[in-house]
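**Student:** If you scroll down you'll find the structure; I have some questions about it.
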Amino acid sequence: MQSTVTLVFIVICVLLVLLLIKLLKTPLKWALKLVLNMISGLIMLFVFNFIGGIFNFTLGVNAVNALIAGILGIPGVILLVLVKLFI
């Protein structure tokens with residue numbers, strides 16, 4: 001009797017873990033994509049600052065700028081340049 005209860009408990013625990021993994025799969029995918037975009041934005045900002053340093057024009061390297069540059073790509077860097085020029 002006790003082994004049956006233990007087996008049922010183990011099966012329920014495994015099913016709950018599988019359900020938890022399924023529920024967290026999508027948010028984790030989005031978070032990973034956001035982090036990868038942020039890293040690519042950081043790389044673009046570093047390249048822009050390297051080239052812009054020749055002309056004495058640089059952008060701040062921070063999480064917000066990296067996220068904008070990462071999500072929007074090159075138009076995001078252009079947007080950051082325009083914001084710095086006009087604001």
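Note on naming: chains are A, B, ... as they come in the structure tokens, residues start from 1 per chain, ligands start from 1 in the order shown.
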Could you give me, as number ranges by chain, the residues within 9 Å of A:Leu67, counting only C-alpha atoms and dropping anything in the same chain fewer than 2 positions from it?

**Tutor:** A: 34-35, 37-42, 62-65, 69-72

**Student:** Using only C-alpha atoms, which residues sit within 10 Å of A:Phe46 once same-chain residues fewer than 4 positions away are excluded, as a VMD selection string?

**Tutor:** chain A and resid 40 to 42 50 to 52 58 to 61 66

**Student:** Quick one: which stretch 20-77 of chain A residues come within 12 Å of stretch 6-15 of chain A, and what is the nearest atom pair for each with the distance in Å to one decimal, counting only C-alpha atoms, rows ordered by chain and ascending number, as a Markdown table?

**Tutor:**
```
| residue | atom | partner | partner_atom | distance |
| --- | --- | --- | --- | --- |
| A:Leu20 | CA | A:Leu15 | CA | 8.6 |
| A:Ile21 | CA | A:Leu15 | CA | 9.9 |
| A:Lys22 | CA | A:Leu15 | CA | 10.5 |
```

**Student:** Identify all residues of stretch 37-80 of chain A in alpha helix (DSSP H) (DSSP on the backbone) and supply them as a PyMOL selection string.

**Tutor:** chain A and resi 37-52+63-72+74-80

**Student:** Store the residues picked out above, limited to N, CA and C atoms, as an mmCIF file, in the first residue's frame.

**Tutor:**
```cif
data_model
loop_
_atom_site.group_PDB
_atom_site.id
_atom_site.type_symbol
_atom_site.label_atom_id
_atom_site.label_comp_id
_atom_site.auth_asym_id
_atom_site.auth_seq_id
_atom_site.Cartn_x
_atom_site.Cartn_y
_atom_site.Cartn_z
ATOM 1 N N ASN A 37 19.726 40.149 -28.015
ATOM 2 C CA ASN A 37 19.586 41.434 -28.682
ATOM 3 C C ASN A 37 20.372 42.526 -27.958
ATOM 4 N N MET A 38 20.365 42.482 -26.638
ATOM 5 C CA MET A 38 21.098 43.477 -25.869
ATOM 6 C C MET A 38 22.607 43.343 -26.111
ATOM 7 N N ILE A 39 23.090 42.122 -26.192
ATOM 8 C CA ILE A 39 24.515 41.896 -26.457
ATOM 9 C C ILE A 39 24.886 42.390 -27.846
ATOM 10 N N SER A 40 24.027 42.120 -28.835
ATOM 11 C CA SER A 40 24.323 42.620 -30.183
ATOM 12 C C SER A 40 24.260 44.147 -30.209
ATOM 13 N N GLY A 41 23.362 44.744 -29.449
ATOM 14 C CA GLY A 41 23.303 46.207 -29.348
ATOM 15 C C GLY A 41 24.557 46.780 -28.713
ATOM 16 N N LEU A 42 25.066 46.103 -27.684
ATOM 17 C CA LEU A 42 26.321 46.539 -27.065
ATOM 18 C C LEU A 42 27.462 46.509 -28.065
ATOM 19 N N ILE A 43 27.515 45.463 -28.852
ATOM 20 C CA ILE A 43 28.575 45.356 -29.859
ATOM 21 C C ILE A 43 28.454 46.488 -30.873
ATOM 22 N N MET A 44 27.220 46.770 -31.325
ATOM 23 C CA MET A 44 27.026 47.869 -32.275
ATOM 24 C C MET A 44 27.424 49.211 -31.660
ATOM 25 N N LEU A 45 27.101 49.419 -30.381
ATOM 26 C CA LEU A 45 27.475 50.674 -29.737
ATOM 27 C C LEU A 45 28.984 50.800 -29.604
ATOM 28 N N PHE A 46 29.659 49.708 -29.268
ATOM 29 C CA PHE A 46 31.119 49.758 -29.171
ATOM 30 C C PHE A 46 31.747 50.065 -30.530
ATOM 31 N N VAL A 47 31.229 49.455 -31.586
ATOM 32 C CA VAL A 47 31.752 49.728 -32.934
ATOM 33 C C VAL A 47 31.475 51.184 -33.312
ATOM 34 N N PHE A 48 30.271 51.663 -33.026
ATOM 35 C CA PHE A 48 29.946 53.055 -33.337
ATOM 36 C C PHE A 48 30.842 54.003 -32.550
ATOM 37 N N ASN A 49 31.063 53.709 -31.266
ATOM 38 C CA ASN A 49 31.912 54.582 -30.457
ATOM 39 C C ASN A 49 33.356 54.541 -30.931
ATOM 40 N N PHE A 50 33.812 53.417 -31.425
ATOM 41 C CA PHE A 50 35.171 53.325 -31.952
ATOM 42 C C PHE A 50 35.320 54.204 -33.189
ATOM 43 N N ILE A 51 34.352 54.106 -34.096
ATOM 44 C CA ILE A 51 34.396 54.922 -35.315
ATOM 45 C C ILE A 51 34.066 56.378 -34.986
ATOM 46 N N GLY A 52 33.089 56.597 -34.137
ATOM 47 C CA GLY A 52 32.702 57.962 -33.766
ATOM 48 C C GLY A 52 33.749 58.683 -32.954
ATOM 49 N N ALA A 63 22.477 49.974 -20.553
ATOM 50 C CA ALA A 63 21.506 48.922 -20.850
ATOM 51 C C ALA A 63 20.384 49.422 -21.758
ATOM 52 N N VAL A 64 19.913 50.645 -21.551
ATOM 53 C CA VAL A 64 18.807 51.158 -22.358
ATOM 54 C C VAL A 64 19.252 51.349 -23.804
ATOM 55 N N ASN A 65 20.420 51.986 -23.996
ATOM 56 C CA ASN A 65 20.917 52.183 -25.358
ATOM 57 C C ASN A 65 21.202 50.849 -26.040
ATOM 58 N N ALA A 66 21.749 49.909 -25.293
ATOM 59 C CA ALA A 66 22.044 48.597 -25.867
ATOM 60 C C ALA A 66 20.758 47.877 -26.263
ATOM 61 N N LEU A 67 19.729 48.002 -25.454
ATOM 62 C CA LEU A 67 18.453 47.364 -25.766
ATOM 63 C C LEU A 67 17.802 48.006 -26.995
ATOM 64 N N ILE A 68 17.859 49.328 -27.093
ATOM 65 C CA ILE A 68 17.308 50.011 -28.269
ATOM 66 C C ILE A 68 18.072 49.603 -29.518
ATOM 67 N N ALA A 69 19.403 49.616 -29.433
ATOM 68 C CA ALA A 69 20.217 49.242 -30.591
ATOM 69 C C ALA A 69 20.042 47.765 -30.925
ATOM 70 N N GLY A 70 19.868 46.929 -29.935
ATOM 71 C CA GLY A 70 19.710 45.500 -30.174
ATOM 72 C C GLY A 70 18.378 45.142 -30.789
ATOM 73 N N ILE A 71 17.314 45.767 -30.330
ATOM 74 C CA ILE A 71 15.989 45.437 -30.837
ATOM 75 C C ILE A 71 15.756 46.079 -32.207
ATOM 76 N N LEU A 72 16.149 47.338 -32.372
ATOM 77 C CA LEU A 72 15.885 48.035 -33.620
ATOM 78 C C LEU A 72 17.004 47.890 -34.645
ATOM 79 N N ILE A 74 20.370 48.718 -36.754
ATOM 80 C CA ILE A 74 21.031 49.934 -37.220
ATOM 81 C C ILE A 74 20.091 51.145 -37.153
ATOM 82 N N PRO A 75 18.797 51.015 -37.485
ATOM 83 C CA PRO A 75 17.913 52.173 -37.282
ATOM 84 C C PRO A 75 17.856 52.619 -35.808
ATOM 85 N N GLY A 76 18.036 51.706 -34.890
ATOM 86 C CA GLY A 76 18.078 52.070 -33.478
ATOM 87 C C GLY A 76 19.297 52.903 -33.148
ATOM 88 N N VAL A 77 20.440 52.563 -33.733
ATOM 89 C CA VAL A 77 21.650 53.359 -33.517
ATOM 90 C C VAL A 77 21.465 54.746 -34.136
ATOM 91 N N ILE A 78 20.864 54.801 -35.322
ATOM 92 C CA ILE A 78 20.584 56.093 -35.955
ATOM 93 C C ILE A 78 19.633 56.913 -35.076
ATOM 94 N N LEU A 79 18.637 56.268 -34.497
ATOM 95 C CA LEU A 79 17.714 56.946 -33.591
ATOM 96 C C LEU A 79 18.460 57.513 -32.387
ATOM 97 N N LEU A 80 19.376 56.741 -31.816
ATOM 98 C CA LEU A 80 20.152 57.222 -30.674
ATOM 99 C C LEU A 80 21.031 58.409 -31.065
#
```

**Student:** Suppose you want the space between atom CA of A:Gly53 and atom CA of A:Lys84; what is it in Å?

**Tutor:**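 It comes out at 14.8 Å.
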